[in-house]
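S.K.: Quick one, target-v7.txt (compact mmCIF, C-alpha atoms and all ligand atoms):
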```txt
# COMPACT_ATOMS: atom_id res chain seq x y z
CA MET A 173 6.92 22.75 0.88
CA ILE A 174 3.92 24.65 2.21
CA LEU A 175 1.42 23.05 -0.19
CA ALA A 176 1.92 19.56 1.16
CA ARG A 177 0.99 20.70 4.68
CA THR A 178 -2.58 21.85 4.06
CA ARG A 179 -5.68 20.96 2.08
CA SER A 180 -4.87 23.67 -0.45
CA ALA A 181 -2.52 21.01 -1.89
CA LEU A 182 -5.55 19.32 -3.43
CA PRO A 183 -7.07 21.80 -5.87
CA ALA A 184 -3.52 22.86 -6.79
CA ALA A 185 -2.34 19.29 -7.47
CA GLN A 186 -1.32 18.51 -11.03
CA ARG A 187 -1.26 14.76 -10.60
CA ILE A 188 -3.33 12.78 -8.10
CA VAL A 189 -3.89 9.14 -7.25
CA VAL A 190 -7.45 8.36 -6.14
CA LYS A 191 -8.19 5.02 -4.50
CA ILE A 192 -11.72 3.72 -4.02
CA GLY A 193 -12.53 0.74 -1.82
CA SER A 194 -14.91 -2.15 -2.45
CA SER A 195 -17.23 -0.88 0.29
CA SER A 196 -17.95 2.27 -1.72
CA LEU A 197 -18.53 0.45 -5.01
CA THR A 198 -20.90 -2.29 -3.92
CA GLY A 199 -24.50 -2.37 -2.80
CA PRO A 200 -25.89 -4.29 0.19
CA ASP A 201 -26.16 -7.42 -2.01
CA GLY A 202 -22.41 -7.36 -2.59
CA ARG A 203 -22.75 -6.58 -6.31
CA LEU A 204 -21.25 -3.63 -8.12
CA ASP A 205 -23.23 -0.45 -7.47
CA LEU A 206 -23.26 1.23 -10.89
CA GLU A 207 -24.67 4.49 -9.56
CA ALA A 208 -21.78 4.77 -7.10
CA LEU A 209 -19.26 4.00 -9.84
CA ARG A 210 -20.78 6.58 -12.19
CA GLY A 211 -20.85 9.17 -9.39
CA LEU A 212 -17.13 8.73 -8.82
CA VAL A 213 -16.38 8.85 -12.54
CA ARG A 214 -18.31 12.12 -12.86
CA VAL A 215 -16.06 13.72 -10.24
CA LEU A 216 -12.83 12.33 -11.70
CA ALA A 217 -13.77 13.28 -15.26
CA ALA A 218 -14.38 16.85 -14.06
CA ALA A 219 -10.94 16.93 -12.41
CA HIS A 220 -9.43 15.55 -15.61
CA GLU A 221 -11.28 18.18 -17.64
CA GLY A 222 -9.86 20.82 -15.29
CA GLY A 223 -6.32 19.73 -16.18
CA THR A 224 -5.49 17.42 -13.26
CA GLN A 225 -3.89 14.11 -14.22
CA VAL A 226 -5.74 11.33 -12.43
CA VAL A 227 -4.68 7.75 -11.67
CA LEU A 228 -7.54 5.65 -10.31
CA VAL A 229 -6.69 2.70 -8.04
CA THR A 230 -9.89 0.74 -7.75
CA SER A 231 -10.89 -2.27 -5.68
CA GLY A 232 -14.00 -4.19 -6.46
CA ALA A 233 -12.83 -7.01 -8.74
CA VAL A 234 -13.52 -9.70 -6.16
CA ALA A 235 -16.78 -8.01 -5.16
CA ALA A 236 -17.85 -7.74 -8.81
CA GLY A 237 -17.27 -11.49 -9.24
CA ILE A 238 -19.46 -12.50 -6.27
CA GLY A 239 -22.82 -12.14 -8.08
CA PRO A 240 -21.91 -13.78 -11.41
CA LEU A 241 -20.33 -16.76 -9.64
CA GLY A 242 -23.32 -17.21 -7.35
CA LEU A 243 -21.23 -16.90 -4.18
CA ALA A 244 -22.97 -16.06 -0.92
CA ALA A 245 -20.29 -13.65 0.33
CA ARG A 246 -16.78 -12.37 -0.32
CA PRO A 247 -14.55 -15.48 -0.60
CA ARG A 248 -11.65 -15.75 1.84
CA ASP A 249 -9.63 -18.59 0.29
CA LEU A 250 -7.04 -17.64 -2.27
CA ALA A 251 -8.25 -19.82 -5.16
CA THR A 252 -11.86 -18.57 -5.05
CA MET A 253 -10.66 -15.00 -4.61
CA GLN A 254 -8.52 -15.41 -7.71
CA ALA A 255 -11.47 -16.80 -9.66
CA ALA A 256 -13.85 -14.07 -8.48
CA ALA A 257 -11.28 -11.39 -9.32
CA SER A 258 -10.72 -12.87 -12.76
CA VAL A 259 -14.44 -12.72 -13.55
CA GLY A 260 -14.98 -9.42 -11.76
CA GLN A 261 -12.00 -7.42 -13.04
CA GLY A 262 -13.17 -7.54 -16.66
CA MET A 263 -16.62 -6.37 -15.63
CA LEU A 264 -15.21 -3.63 -13.46
CA VAL A 265 -13.04 -2.17 -16.21
CA ALA A 266 -15.86 -2.47 -18.76
CA ARG A 267 -18.04 -0.36 -16.46
CA TYR A 268 -15.32 2.26 -15.98
CA THR A 269 -14.65 2.36 -19.72
CA GLU A 270 -18.34 3.05 -20.41
CA ALA A 271 -18.74 5.56 -17.61
CA PHE A 272 -15.62 7.59 -18.51
CA ALA A 273 -16.49 7.42 -22.24
CA HIS A 274 -19.73 9.17 -21.36
CA HIS A 275 -17.54 12.17 -20.45
CA GLY A 276 -15.24 11.73 -23.43
CA VAL A 277 -12.39 10.28 -21.34
CA ARG A 278 -10.43 7.14 -22.20
CA VAL A 279 -9.13 4.68 -19.60
CA GLY A 280 -6.32 2.11 -19.67
CA GLN A 281 -6.12 -0.90 -17.37
CA ILE A 282 -2.95 -1.58 -15.39
CA LEU A 283 -2.75 -4.64 -13.12
CA LEU A 284 0.20 -4.69 -10.72
CA THR A 285 1.80 -7.13 -8.31
CA ALA A 286 4.13 -6.36 -5.42
CA GLU A 287 7.10 -7.38 -7.57
CA ASP A 288 6.37 -4.46 -9.87
CA THR A 289 7.16 -2.02 -7.10
CA VAL A 290 10.31 -3.78 -5.85
CA ARG A 291 12.30 -5.06 -8.79
CA ARG A 292 13.95 -2.18 -10.57
CA LEU A 293 13.20 -3.29 -14.13
CA ARG A 294 9.57 -3.99 -13.42
CA TYR A 295 9.24 -0.76 -11.46
CA LYS A 296 10.61 1.16 -14.44
CA ASN A 297 8.25 -0.75 -16.72
CA ALA A 298 5.16 0.13 -14.70
CA GLN A 299 6.36 3.71 -14.33
CA ARG A 300 6.89 4.06 -18.08
CA ALA A 301 3.43 2.72 -18.93
CA LEU A 302 1.66 4.90 -16.35
CA THR A 303 3.54 8.04 -17.32
CA ARG A 304 2.84 7.51 -21.00
CA LEU A 305 -0.86 6.90 -20.39
CA LEU A 306 -1.06 10.15 -18.43
CA ALA A 307 0.79 12.05 -21.15
CA LEU A 308 -1.72 10.70 -23.67
CA GLY A 309 -4.60 12.05 -21.60
CA VAL A 310 -5.74 8.62 -20.46
CA VAL A 311 -6.93 7.82 -16.93
CA PRO A 312 -5.04 4.67 -15.81
CA VAL A 313 -7.31 2.30 -13.90
CA VAL A 314 -5.12 0.27 -11.55
CA ASN A 315 -5.82 -2.79 -9.44
CA GLU A 316 -3.76 -5.59 -7.99
CA ASN A 317 -3.36 -8.51 -10.38
CA ASP A 318 -5.46 -10.66 -8.05
CA ALA A 319 -6.04 -13.54 -10.46
CA VAL A 320 -2.34 -14.52 -10.54
CA THR A 321 -0.99 -13.06 -7.33
CA THR A 322 0.21 -15.64 -4.85
CA ASP A 323 -0.26 -15.31 -1.14
CA GLU A 324 3.31 -14.20 -0.49
CA LEU A 325 3.33 -11.55 -3.14
CA LYS A 326 0.03 -9.95 -2.34
CA PHE A 327 0.10 -6.26 -1.51
CA GLY A 328 -2.39 -7.34 1.08
CA ASP A 329 -4.74 -4.57 0.19
CA ASN A 330 -5.27 -1.78 -2.27
CA ASP A 331 -4.68 0.96 0.29
CA ARG A 332 -0.99 0.06 0.36
CA LEU A 333 -0.94 -0.45 -3.40
CA ALA A 334 -2.31 3.08 -3.85
CA ALA A 335 0.47 4.56 -1.70
CA LEU A 336 3.11 2.71 -3.73
CA VAL A 337 1.51 3.87 -6.98
CA ALA A 338 1.43 7.46 -5.68
CA HIS A 339 5.16 7.16 -5.09
CA LEU A 340 5.70 5.53 -8.48
CA VAL A 341 3.98 8.33 -10.45
CA ARG A 342 5.30 11.07 -8.14
CA ALA A 343 1.76 12.17 -7.33
CA ASP A 344 1.11 15.51 -5.63
CA ALA A 345 -1.56 13.91 -3.46
CA LEU A 346 -3.22 10.62 -2.65
CA VAL A 347 -6.98 10.55 -2.06
CA LEU A 348 -8.37 7.49 -0.27
CA LEU A 349 -12.12 7.17 -0.71
CA THR A 350 -14.09 4.86 1.54
CA ASP A 351 -17.46 4.49 3.25
CA VAL A 352 -16.64 6.74 6.19
CA ASP A 353 -15.75 10.44 6.05
CA GLY A 354 -12.22 10.28 7.36
CA LEU A 355 -10.53 9.08 10.51
CA HIS A 356 -12.70 9.38 13.59
CA ASP A 357 -11.55 9.62 17.19
CA ARG A 358 -13.05 6.14 17.68
CA PRO A 359 -14.61 3.62 15.27
CA PRO A 360 -17.58 5.50 13.77
CA THR A 361 -20.08 2.86 14.87
CA ARG A 362 -19.41 3.86 18.49
CA PRO A 363 -21.54 6.65 19.91
CA GLY A 364 -20.00 10.12 19.99
CA ALA A 365 -17.38 9.41 17.32
CA ARG A 366 -16.05 12.63 15.78
CA ARG A 367 -14.12 13.24 12.58
CA ILE A 368 -10.49 14.34 12.86
CA SER A 369 -9.95 17.03 10.23
CA HIS A 370 -6.17 17.46 10.13
CA VAL A 371 -3.23 15.27 11.15
CA GLY A 372 0.19 16.94 11.06
CA ASP A 373 2.07 13.86 12.21
CA LEU A 374 0.92 10.30 12.82
CA ALA A 375 2.20 10.49 16.39
CA GLU A 376 -0.80 12.77 17.10
CA ILE A 377 -3.19 9.89 16.49
CA ALA A 378 -1.21 7.12 18.16
CA ASP A 379 -3.98 6.67 20.75
CA VAL A 380 -6.93 6.71 18.34
CA PRO A 381 -8.58 3.27 18.35
CA VAL A 382 -8.93 1.78 14.88
CA THR A 383 -10.15 -1.63 13.83
CA SER A 384 -8.76 -3.83 11.13
CA ARG A 385 -12.18 -5.25 10.43
CA GLY A 386 -13.47 -3.59 7.28
CA SER A 387 -16.99 -3.51 5.99
CA ALA A 388 -18.51 -6.79 4.75
CA VAL A 389 -16.79 -6.48 1.36
CA GLY A 390 -13.73 -4.37 2.22
CA THR A 391 -10.43 -5.62 3.56
CA GLY A 392 -8.22 -4.19 6.25
CA GLY A 393 -10.50 -1.49 7.67
CA MET A 394 -8.86 1.65 8.99
CA VAL A 395 -5.59 -0.10 9.90
CA THR A 396 -4.49 -0.59 6.29
CA LYS A 397 -5.57 2.95 5.45
CA LEU A 398 -3.31 4.33 8.14
CA GLU A 399 -0.50 2.10 6.89
CA SER A 400 -1.05 3.57 3.43
CA VAL A 401 -1.00 7.06 4.96
CA ARG A 402 2.29 6.23 6.70
CA ILE A 403 3.90 5.07 3.44
CA ALA A 404 2.67 8.05 1.42
CA THR A 405 3.21 10.90 3.88
CA GLY A 406 6.57 9.44 4.93
CA SER A 407 7.75 9.58 1.32
CA GLY A 408 6.52 13.04 0.40
CA VAL A 409 2.88 12.56 -0.67
CA PRO A 410 0.04 14.15 1.38
CA VAL A 411 -3.15 12.11 1.82
CA LEU A 412 -6.81 12.96 2.08
CA LEU A 413 -9.06 10.23 3.47
CA ALA A 414 -12.75 10.88 2.86
CA ALA A 415 -16.13 9.36 2.08
CA ALA A 416 -16.60 8.54 -1.60
CA SER A 417 -19.81 10.59 -1.46
CA ASN A 418 -17.67 13.63 -0.61
CA ALA A 419 -15.15 13.10 -3.42
CA ALA A 420 -15.96 16.36 -5.25
CA ARG A 421 -15.72 18.46 -2.10
CA ALA A 422 -12.52 16.65 -1.08
CA LEU A 423 -10.83 17.47 -4.40
CA ALA A 424 -12.00 21.07 -4.08
CA GLY A 425 -10.11 21.39 -0.77
CA GLU A 426 -13.25 21.74 1.37
CA ASP A 427 -13.24 20.65 5.00
CA VAL A 428 -14.32 17.05 4.58
CA GLY A 429 -12.49 13.87 5.58
CA THR A 430 -9.07 13.85 7.21
CA PHE A 431 -6.01 15.56 5.72
CA PHE A 432 -2.63 14.00 6.54
CA ALA A 433 0.35 16.29 6.00
CA VAL A 434 3.66 15.13 4.57
CA THR A 435 6.13 13.95 7.20
CA GLY A 436 9.14 12.78 5.18
CA ARG A 437 10.97 13.05 1.91
CA ARG A 438 10.82 10.90 -1.20
CA THR A 439 12.86 7.70 -0.91
CA SER A 440 13.61 4.78 -3.28
CA ALA A 441 10.74 2.39 -4.02
CA ARG A 442 12.81 -0.56 -2.91
CA ARG A 443 13.49 0.99 0.50
CA LEU A 444 9.85 1.93 0.78
CA TRP A 445 8.88 -1.67 0.16
CA ILE A 446 11.40 -3.04 2.66
CA ALA A 447 10.28 -0.60 5.35
CA HIS A 448 6.64 -1.53 4.83
CA ALA A 449 6.93 -5.08 3.42
CA ALA A 450 3.55 -6.66 3.75
CA ARG A 451 4.88 -9.65 5.60
CA VAL A 452 8.00 -10.14 7.71
CA ARG A 453 9.08 -13.80 7.61
CA GLY A 454 11.53 -14.01 10.46
CA ARG A 455 13.88 -12.32 12.91
CA LEU A 456 17.63 -12.16 13.20
CA HIS A 457 19.02 -11.50 16.68
CA LEU A 458 22.12 -9.31 16.59
CA ASP A 459 24.96 -9.09 19.09
CA ASP A 460 25.87 -5.69 20.49
CA GLY A 461 28.57 -4.90 17.90
CA ALA A 462 26.36 -5.83 14.95
CA ALA A 463 23.42 -3.80 16.31
CA ARG A 464 25.65 -0.75 16.70
CA ALA A 465 27.12 -1.21 13.21
CA VAL A 466 23.66 -1.50 11.64
CA LEU A 467 22.36 1.51 13.58
CA GLY A 468 25.34 3.48 12.31
CA GLY A 469 23.55 3.34 8.98
CA ARG A 470 26.27 2.28 6.56
CA ALA A 471 27.16 -1.30 7.44
CA SER A 472 25.85 -4.56 5.99
CA LEU A 473 24.96 -7.33 8.41
CA LEU A 474 27.44 -10.23 8.41
CA PRO A 475 26.72 -13.74 9.76
CA ALA A 476 29.34 -13.21 12.46
CA GLY A 477 27.15 -10.64 14.26
CA VAL A 478 24.03 -12.78 14.47
CA THR A 479 23.44 -14.98 17.48
CA ARG A 480 20.21 -16.65 16.43
CA ALA A 481 17.48 -16.67 13.78
CA GLU A 482 13.74 -17.22 14.14
CA GLY A 483 11.20 -18.17 11.49
CA GLU A 484 11.22 -19.96 8.16
CA PHE A 485 12.18 -17.81 5.21
CA ASP A 486 13.73 -17.90 1.77
CA ALA A 487 16.53 -15.71 0.45
CA GLY A 488 14.97 -12.39 -0.57
CA ASP A 489 12.31 -12.39 2.16
CA ALA A 490 11.90 -9.51 4.58
CA VAL A 491 13.10 -10.08 8.15
CA GLU A 492 13.42 -7.96 11.28
CA LEU A 493 16.80 -7.28 12.83
CA VAL A 494 16.56 -7.32 16.62
CA GLY A 495 19.12 -5.82 19.02
CA PRO A 496 20.35 -7.47 22.25
CA ASP A 497 17.71 -5.50 24.21
CA GLY A 498 14.92 -7.12 22.14
CA ALA A 499 14.04 -3.94 20.21
CA VAL A 500 13.73 -4.09 16.42
CA VAL A 501 16.52 -1.95 14.95
CA ALA A 502 15.92 -2.48 11.23
CA ARG A 503 14.20 -4.43 8.49
CA GLY A 504 16.01 -6.02 5.61
CA LEU A 505 15.95 -8.56 2.82
CA VAL A 506 17.91 -11.60 3.92
CA ALA A 507 20.36 -13.19 1.44
CA PHE A 508 20.11 -16.83 2.64
CA ASP A 509 17.34 -19.34 3.28
CA SER A 510 16.63 -19.95 6.97
CA HIS A 511 17.76 -23.59 6.77
CA GLU A 512 21.25 -22.42 5.69
CA LEU A 513 21.72 -20.19 8.71
CA PRO A 514 22.71 -22.57 11.52
CA ALA A 515 25.93 -23.37 9.64
CA LEU A 516 26.72 -19.67 9.19
CA LEU A 517 25.77 -17.73 12.31
CA GLY A 518 28.54 -16.38 14.50
CA ARG A 519 31.25 -17.35 12.04
CA GLN A 520 33.75 -15.03 10.37
CA THR A 521 33.48 -14.40 6.63
CA ALA A 522 36.93 -15.82 5.83
CA GLU A 523 36.19 -18.96 7.83
CA LEU A 524 32.90 -19.46 5.94
CA ARG A 525 34.59 -19.07 2.56
CA GLU A 526 37.16 -21.66 3.60
CA ALA A 527 34.66 -24.14 5.02
CA LEU A 528 31.71 -23.75 2.63
CA GLY A 529 33.12 -22.14 -0.50
CA GLU A 530 32.72 -18.94 -2.52
CA GLY A 531 29.24 -17.46 -2.25
CA TYR A 532 28.99 -18.22 1.46
CA ASP A 533 31.18 -15.23 2.25
CA ARG A 534 28.46 -12.73 1.27
CA GLU A 535 26.57 -10.42 3.58
CA LEU A 536 23.59 -11.83 5.42
CA VAL A 537 21.70 -8.58 4.76
CA HIS A 538 23.34 -6.14 2.33
CA ARG A 539 23.24 -2.51 3.43
CA ASP A 540 21.26 -1.56 0.28
CA ASP A 541 18.59 -4.01 1.43
CA LEU A 542 18.39 -2.63 4.94
CA VAL A 543 16.14 0.10 6.34
CA LEU A 544 16.46 1.37 9.92
CA GLU A 545 13.38 1.26 12.08
CA ARG A 546 12.03 4.75 12.81
CA ARG A 547 12.06 5.48 16.51
N1 LIG B 1 -11.20 5.24 14.05
C1 LIG B 1 -11.85 4.96 12.89
N2 LIG B 1 -12.26 5.97 12.09
C2 LIG B 1 -12.91 5.72 10.93
N3 LIG B 1 -13.21 4.47 10.48
C3 LIG B 1 -12.84 3.40 11.21
C4 LIG B 1 -12.14 3.60 12.45
N4 LIG B 1 -11.86 2.35 12.96
C5 LIG B 1 -12.39 1.46 12.07
N5 LIG B 1 -12.98 2.05 11.02
C6 LIG B 1 -13.67 1.32 9.91
O1 LIG B 1 -12.93 1.25 8.68
C7 LIG B 1 -13.88 0.99 7.64
C8 LIG B 1 -13.29 1.23 6.26
O2 LIG B 1 -12.48 0.13 5.86
P1 LIG B 1 -12.86 -0.89 4.66
O3 LIG B 1 -14.19 -1.49 4.88
O4 LIG B 1 -11.68 -1.79 4.49
O5 LIG B 1 -13.00 0.13 3.42
P2 LIG B 1 -12.64 0.05 1.88
O6 LIG B 1 -13.47 -1.03 1.26
O7 LIG B 1 -13.03 1.44 1.43
O8 LIG B 1 -11.15 -0.17 1.75
C9 LIG B 1 -15.01 1.92 8.00
O9 LIG B 1 -16.23 1.47 7.51
C10 LIG B 1 -14.99 1.95 9.52
O10 LIG B 1 -16.03 1.18 10.08
N1 LIG B 2 -7.86 -6.14 -5.37
C1 LIG B 2 -9.07 -6.46 -4.63
C2 LIG B 2 -9.31 -5.45 -3.53
C3 LIG B 2 -8.63 -5.69 -2.27
C4 LIG B 2 -8.88 -4.52 -1.28
O1 LIG B 2 -7.95 -3.96 -0.73
O2 LIG B 2 -10.16 -4.09 -1.11
P1 LIG B 2 -10.58 -2.76 -0.29
O3 LIG B 2 -10.21 -2.91 1.15
O4 LIG B 2 -12.02 -2.67 -0.49
O5 LIG B 2 -9.86 -1.59 -0.90
C5 LIG B 2 -10.30 -6.39 -5.52
O6 LIG B 2 -10.28 -5.71 -6.56
O7 LIG B 2 -11.28 -6.99 -5.16
```
In structure tokens, what does this structure look like?

M.R.:
Amino acid sequence: MILARTRSALPAAQRIVVKIGSSSLTGPDGRLDLEALRGLVRVLAAAHEGGTQVVLVTSGAVAAGIGPLGLAARPRDLATMQAAASVGQGMLVARYTEAFAHHGVRVGQILLTAEDTVRRLRYKNAQRALTRLLALGVVPVVNENDAVTTDELKFGDNDRLAALVAHLVRADALVLLTDVDGLHDRPPTRPGARRISHVGDLAEIADVPVTSRGSAVGTGGMVTKLESVRIATGSGVPVLLAAASNAARALAGEDVGTFFAVTGRRTSARRLWIAHAARVRGRLHLDDGAARAVLGGRASLLPAGVTRAEGEFDAGDAVELVGPDGAVVARGLVAFDSHELPALLGRQTAELREALGEGYDRELVHRDDLVLERR
């Protein structure tokens, strides 16, 4: 589709997901910057008025909780982050509700966890709520459900969450707003850094140095943004990455920020999650036959084809499947806990059923839970 390859996709988009990072919503003191928030809302309300459906994915809950809790800086431990997010999220949504109401637009809060994008029922649930809100002319305001999200289940960052939401609502484009106007050919603090305007394929920027250190209040830096870009463009959604201060020009299709063209087609949310699971818990080493079977694309992985396992994981966790040459061939959700594996590896299915009973003759990684590594 021609639209998804150029910036003209943006003004023509009927449904967009816009993500704004903490760095663009907070002042130097770490508190919410109301002027910045209102500036963003002005732009989004105008897009809404023009007939574009807008989903806003907003960070800033933890940052908004820093001031009221008297914390010196953004907390790094999970419990204090949860507490700060719990205090901050309410304030954040109250501010958006007021700011959008000023333009006659209603908002609805949606808090998601990783599970909502993986488990079919929950995925459908989230999708139904978001679609209905949009049909009712409401701007959904989405964030991760930080106050109850455990370490394992965390999206890790809102950049990834935004890409998954863009997939969920079948957005025509994803707009990532941050404190820097797009990807630069080197971190923008280095002298001579220049903006890259268009990326047709991520391979073009393989050599661009990016840091994972964000601003003082942001998380993930440019690395998580590029991961988000990879998820979105690889599943049919083009991305524009720009400075929040350029939001209006970005939505108008002007030459600001970096445009990333679509590189792949829409895929299932579950496969998307497996391919980009925030955290891989272990590795299964495959023998030659198993590696070839998996690479063939239609086979499940059986215990018989695995020579050794690394890591500690529970059934349902994401693991890497490694071929005899040491290269990762696929990612998948493993069906057993790691402590069960020594008794299973290298043994035939029938033998396992006989020795250990029904239930132990199942696949180690079912083919529906397996995604080949892109080469
Ligand atoms: N090559 C690069 N081009 C642009 N920005 C980069 C690059 N490498 C690192 N960065 C950094 O990424 C930061 C944005 O990430 P972050 O602070 O996490 O933002 P947010 O809070 O919006 O999610 C920028 O401030 C910038 O310093
Ligand atoms: N959900 C968290 C934001 C986490 C996050 O990814 O922040 P950022 O890198 O600023 O987009 C919050 O609301 O504070």

S.K.: For atom C5 of ligand LIG 1 (chain B) and CA of Ser194 (chain A), quote the distance in Å rounded to one decimal.

M.R.: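 Separating atom C5 of ligand LIG 1 (chain B) from CA of Ser194 (chain A) is a distance of 15.2 Å.
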
S.K.: Using 8 Å as the limit and counting all atoms listed in the file, can you tabulate each residue of chain A that touches ligand LIG 2 (chain B), with its shortest atom-to-atom distance in Å and the two atoms involved, as CSV?

M.R.:
```
residue,atom,partner,partner_atom,distance
A:Lys191,CA,B:LIG2,O5,7.7
A:Ile192,CA,B:LIG2,O5,6.4
A:Gly193,CA,B:LIG2,O5,3.7
A:Ser194,CA,B:LIG2,O4,3.5
A:Ser195,CA,B:LIG2,O4,5.6
A:Ser196,CA,B:LIG2,O4,7.8
A:Thr230,CA,B:LIG2,O6,6.6
A:Ser231,CA,B:LIG2,O6,3.6
A:Gly232,CA,B:LIG2,O6,4.0
A:Ala233,CA,B:LIG2,O6,3.6
A:Val234,CA,B:LIG2,O7,3.7
A:Ala235,CA,B:LIG2,O7,5.6
A:Ala236,CA,B:LIG2,O7,7.6
A:Ala257,CA,B:LIG2,O7,6.1
A:Gly260,CA,B:LIG2,O6,7.9
A:Gln261,CA,B:LIG2,O6,6.9
A:Asn315,CA,B:LIG2,N1,5.7
A:Glu316,CA,B:LIG2,N1,4.9
A:Asn317,CA,B:LIG2,N1,7.1
A:Asp318,CA,B:LIG2,N1,5.8
A:Gly328,CA,B:LIG2,O1,6.8
A:Asp329,CA,B:LIG2,O1,3.4
A:Asn330,CA,B:LIG2,O1,3.8
A:Asp331,CA,B:LIG2,O5,5.9
A:Gly386,CA,B:LIG2,O3,7.0
A:Val389,CA,B:LIG2,O4,6.4
A:Gly390,CA,B:LIG2,O4,3.6
A:Thr391,CA,B:LIG2,O3,3.6
A:Gly392,CA,B:LIG2,O3,5.6
A:Gly393,CA,B:LIG2,O3,6.7
```

S.K.: Which residues come within 9 Å of Arg534 (chain A), counting only C-alpha atoms, excluding same-chain residues fewer than 5 positions away, as number ranges by chain?

M.R.: A: 474-475, 507, 521, 525

S.K.: Please compute the CA of Ala301 (chain A)-CA of His339 (chain A) distance, one decimal, in Å.

M.R.: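 CA of His339 (chain A) lies at a distance of 14.6 Å from CA of Ala301 (chain A).
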
S.K.: How would you write, as a compact mmCIF listing (two decimals) with C-alpha atoms, keeping the file's coordinate frame, the set of residues no farther than 10 Å from ligand LIG 1 (chain B) when counting all atoms listed in the file?

M.R.:
```txt
# COMPACT_ATOMS: atom_id res chain seq x y z
CA LYS A 191 -8.19 5.02 -4.50
CA ILE A 192 -11.72 3.72 -4.02
CA GLY A 193 -12.53 0.74 -1.82
CA SER A 194 -14.91 -2.15 -2.45
CA SER A 195 -17.23 -0.88 0.29
CA SER A 196 -17.95 2.27 -1.72
CA LEU A 197 -18.53 0.45 -5.01
CA THR A 198 -20.90 -2.29 -3.92
CA THR A 230 -9.89 0.74 -7.75
CA SER A 231 -10.89 -2.27 -5.68
CA GLY A 232 -14.00 -4.19 -6.46
CA ASP A 329 -4.74 -4.57 0.19
CA ASN A 330 -5.27 -1.78 -2.27
CA ASP A 331 -4.68 0.96 0.29
CA LEU A 348 -8.37 7.49 -0.27
CA LEU A 349 -12.12 7.17 -0.71
CA THR A 350 -14.09 4.86 1.54
CA ASP A 351 -17.46 4.49 3.25
CA VAL A 352 -16.64 6.74 6.19
CA ASP A 353 -15.75 10.44 6.05
CA GLY A 354 -12.22 10.28 7.36
CA LEU A 355 -10.53 9.08 10.51
CA HIS A 356 -12.70 9.38 13.59
CA ASP A 357 -11.55 9.62 17.19
CA ARG A 358 -13.05 6.14 17.68
CA PRO A 359 -14.61 3.62 15.27
CA PRO A 360 -17.58 5.50 13.77
CA THR A 361 -20.08 2.86 14.87
CA ARG A 362 -19.41 3.86 18.49
CA ALA A 365 -17.38 9.41 17.32
CA ARG A 366 -16.05 12.63 15.78
CA ARG A 367 -14.12 13.24 12.58
CA ILE A 368 -10.49 14.34 12.86
CA ILE A 377 -3.19 9.89 16.49
CA ASP A 379 -3.98 6.67 20.75
CA VAL A 380 -6.93 6.71 18.34
CA PRO A 381 -8.58 3.27 18.35
CA VAL A 382 -8.93 1.78 14.88
CA THR A 383 -10.15 -1.63 13.83
CA SER A 384 -8.76 -3.83 11.13
CA ARG A 385 -12.18 -5.25 10.43
CA GLY A 386 -13.47 -3.59 7.28
CA SER A 387 -16.99 -3.51 5.99
CA ALA A 388 -18.51 -6.79 4.75
CA VAL A 389 -16.79 -6.48 1.36
CA GLY A 390 -13.73 -4.37 2.22
CA THR A 391 -10.43 -5.62 3.56
CA GLY A 392 -8.22 -4.19 6.25
CA GLY A 393 -10.50 -1.49 7.67
CA MET A 394 -8.86 1.65 8.99
CA VAL A 395 -5.59 -0.10 9.90
CA THR A 396 -4.49 -0.59 6.29
CA LYS A 397 -5.57 2.95 5.45
CA LEU A 398 -3.31 4.33 8.14
CA LEU A 413 -9.06 10.23 3.47
CA ALA A 414 -12.75 10.88 2.86
CA ALA A 415 -16.13 9.36 2.08
CA ALA A 416 -16.60 8.54 -1.60
CA GLY A 429 -12.49 13.87 5.58
CA THR A 430 -9.07 13.85 7.21
```

S.K.: Interatomic distance between CA of Asp460 (chain A) and CA of Ser440 (chain A)?

M.R.: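 Between CA of Asp460 (chain A) and CA of Ser440 (chain A) the gap is 28.7 Å.
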
S.K.: Considering all atoms listed in the file, state which residue in the set A:Thr224, A:Ser258, A:Asn418, A:Thr289 is at the smallest distance from Ile446 (chain A).

M.R.: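 Looking at the shortest contact to Ile446 (chain A), the residue is A:Thr289.
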
S.K.: Can you tell me which residues surround Ala490 (chain A) at a distance of at most 6 Å, considering all atoms listed in the file, apart from same-chain residues fewer than 6 positions away, and format the answer as a list in words?

M.R.: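 Here the answer would be Val452, Arg453, Gly504 and Leu505 of chain A.
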
S.K.: Of the candidates A:Phe485, A:Tyr268, A:Phe431, A:Trp445, which one gets nearest to Arg210 (chain A) if we count all atoms listed in the file?

M.R.: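 Of A:Phe485, A:Tyr268, A:Phe431, A:Trp445, the one nearest Arg210 (chain A), counting all atoms listed in the file, is A:Tyr268.
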
S.K.: Find, counting all atoms listed in the file, the residue in A:Thr303, A:Thr479, A:Ser417, A:Ser472 that gets nearest to Arg503 (chain A).

M.R.: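 Result for the nearest residue to Arg503 (chain A): A:Ser472.
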
S.K.: If we count all atoms listed in the file and set the cut-off at 10 Å, which residues sit around Gly276 (chain A), ignoring sequence neighbours fewer than 4 positions away in its own chain? Please answer as number ranges by chain.

M.R.: A: 217, 221, 270-272

S.K.: Pick from A:Arg402, A:Phe432, A:Val537, A:Glu523: nearest to Asp509 (chain A), with only C-alpha atoms counted?

M.R.: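 Among the listed residues, A:Val537 lies closest to Asp509 (chain A).
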
S.K.: Give me the residues within 10 Å of Leu305 (chain A) as number ranges by chain, counting all atoms listed in the file and dropping any in the same chain fewer than 4 places off.

M.R.: A: 225, 227, 278-281, 299-301, 309-312
